[in-house]
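Data first, discussion second: the structure below is written as structure tokens.
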Amino acid sequence: MSDKNTLIRLHKVSVRYQTGTEALKEVSLEIGKEEFVFLVGSSGSGKSTFIKTLLREVRATSGELYVAGKSLNQLKRKEIPFYRRRLGVVFQEFRLLDDRNIFENVALAQRVTGVTRKEKIRKNVCGMLKTVGLAGKEKAYPKELSGGEQQRVAIARAMVNRPEILLADEPTGNLDPENSWEIMRLLEEMNRLGTTVIVVTHNHEIVDQMKKRVITVQKGHIVSDMKQGGYEA
């Protein structure tokens with residue numbers, strides 16, 4: 001992979017918590033622009049630490065980590081919020097605000113990045129809700145939606161600022177098989193729009209059928225990295 005196509009690069013990255021637990025051990029890998037990657041492994045293997053390190057919630061104890069050519073090790077505290085604007089994040093639990101309607105949940109992601117013009121916010125939010133199949137649901141509240149619909153709102157919120165990278169941590173963990181596949185098709189669509197997508201999952205069937213790049217982590221080490229892989233963990 002040439003440097004100009006590399007979006008994320010880790011070189012011998014280790015993360016050791018104050019408890020003494022070494023969650024990542026000299027991890028080296030590259031993820032390119034517009035790639036779709038599954039990150040798999042058993043509980044406690046280091047997957048969540050990998051995501052937290054990319055979000056700069058956790059700092060690497062040693063090694064080098066670059067995103068779009070910028071060293072995360074050298075990020076100053078005041079720079080972290082601005083760096084995170086380049087990332088979209090989707091969680092298993094949706095994490096929507098129950099006292100805000102769907103429009104407001106997605107619009108909030110625009111406002112925290114400094115977008116103030118109401119017309120621009122409305123255009124961007126309504127456009128993204130249409131993309132995820134929720135046009136006409138703007139005034140609904142999270143509790144009025146199904147789990148699959150709530151996860152679509154979460155994806156719209158993560159994508160409304162057009163991030164370079166979308167991190168999805170167990171995005172289908174609370175969904176039935178039909179809704180799980182709908183969410184994965186939606187993540188594929190986000191990838192086709194030009195966003196690099198990294199999905200942490202335990203769903204063997206999805207990983208095996210989608211034939212994307214699969215990185216397997218065990219005990220803090222990368223034990224497998226397959227271009228069109230399956231679930232081996």
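A note on labels: chains of the structure tokens are A, B, ... as shown, every chain counts residues from 1, and ligands are counted from 1 in their shown order.
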
Which parts of range 11-198 of chain A does DSSP call helix (DSSP H, G or I) when run on the backbone here, written out as number ranges by chain?
A: 47-54, 77-84, 102-111, 118-131, 142-144, 147-159, 177-192

Please identify all polymer residues within 9 Å of Asn5 in chain A, counting only C-alpha atoms, omitting same-chain residues fewer than 5 positions from it, and present them as a PDB file with C-alpha atoms, in the first residue's frame.
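File written: out.pdb
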ATOM      1  CA  ILE A  31      -5.523   0.750   6.589  1.00  0.00           C
ATOM      2  CA  GLY A  32      -6.067   2.523   3.314  1.00  0.00           C
ATOM      3  CA  LYS A  33      -8.438   5.216   2.178  1.00  0.00           C
ATOM      4  CA  GLU A  34     -11.920   3.897   1.409  1.00  0.00           C
TER       5      GLU A  34
END

Exercise: Thr21 in chain A partners within 12 Å, only C-alpha atoms, chain neighbours under 5 positions left out, as a list in words:
Ser14, Val15, Arg16, Gly44, Ser45, Gly46, Thr49, Thr61, Lys219 and Gly220 of chain A

Write the residues of the preceding selection, restricted to N, CA and C atoms, as a tab-separated table (two decimals), in the first residue's frame.
chain	number	residue	atom	x	y	z
A	14	SER	N	1.89	-0.26	21.30
A	14	SER	CA	1.52	-1.00	22.51
A	14	SER	C	0.72	-0.07	23.42
A	15	VAL	N	-0.24	-0.65	24.12
A	15	VAL	CA	-1.03	0.09	25.11
A	15	VAL	C	-1.02	-0.70	26.40
A	16	ARG	N	-0.49	-0.08	27.43
A	16	ARG	CA	-0.44	-0.71	28.75
A	16	ARG	C	-1.20	0.16	29.72
A	44	GLY	N	-11.88	-9.18	25.30
A	44	GLY	CA	-10.60	-8.96	25.97
A	44	GLY	C	-9.39	-9.11	25.08
A	45	SER	N	-9.62	-9.24	23.78
A	45	SER	CA	-8.50	-9.45	22.85
A	45	SER	C	-7.76	-8.16	22.51
A	46	GLY	N	-8.41	-7.00	22.71
A	46	GLY	CA	-7.77	-5.72	22.40
A	46	GLY	C	-8.52	-4.88	21.37
A	49	THR	N	-9.72	-1.50	22.77
A	49	THR	CA	-8.57	-0.62	22.99
A	49	THR	C	-8.08	-0.05	21.67
A	61	THR	N	1.17	3.61	24.67
A	61	THR	CA	2.29	3.62	25.61
A	61	THR	C	3.60	3.70	24.86
A	219	LYS	N	-5.27	-11.53	22.37
A	219	LYS	CA	-4.35	-11.19	23.46
A	219	LYS	C	-3.41	-10.05	23.07
A	220	GLY	N	-4.00	-9.05	22.40
A	220	GLY	CA	-3.24	-7.84	22.06
A	220	GLY	C	-2.40	-7.93	20.81

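Checking A:Val160, A:Leu7, A:Leu193, A:Ile155 one by one against Phe91 in chain A, counting only C-alpha atoms, you find the shortest gap at A:Ile155.
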
Within 9 Å of Lys212 in chain A using only C-alpha atoms, minus same-chain residues under 4 positions, as number ranges by chain:
A: 35-38, 207-208, 226-230

Using only C-alpha atoms, which protein or nucleic acid residues come within 12 Å of Ser62 in chain A? Drop anything in the same chain fewer than 6 positions from it, and give the result as number ranges by chain.
A: 10-17, 22, 24-28, 53, 72-73

Could you list, as a list of chain:residue names, every residue within 8 Å of Ile198 in chain A, counting only C-alpha atoms and ignoring same-chain residues fewer than 2 positions away?
A:Phe36, A:Val37, A:Phe38, A:Leu39, A:Ile165, A:Leu166, A:Leu167, A:Ala168, A:Thr196, A:Val200

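Remark: for Thr131 in chain A, the closest of the candidate residues A:Met190, A:Val89, A:Ile215, A:Met210 is A:Met190 (distances computed over only C-alpha atoms).
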
Can you tell me which residues surround Lys70 in chain A at a distance of at most 10 Å, considering only C-alpha atoms, apart from same-chain residues fewer than 6 positions away, and format the answer as a ChimeraX atom specification?
/A:7-9,83
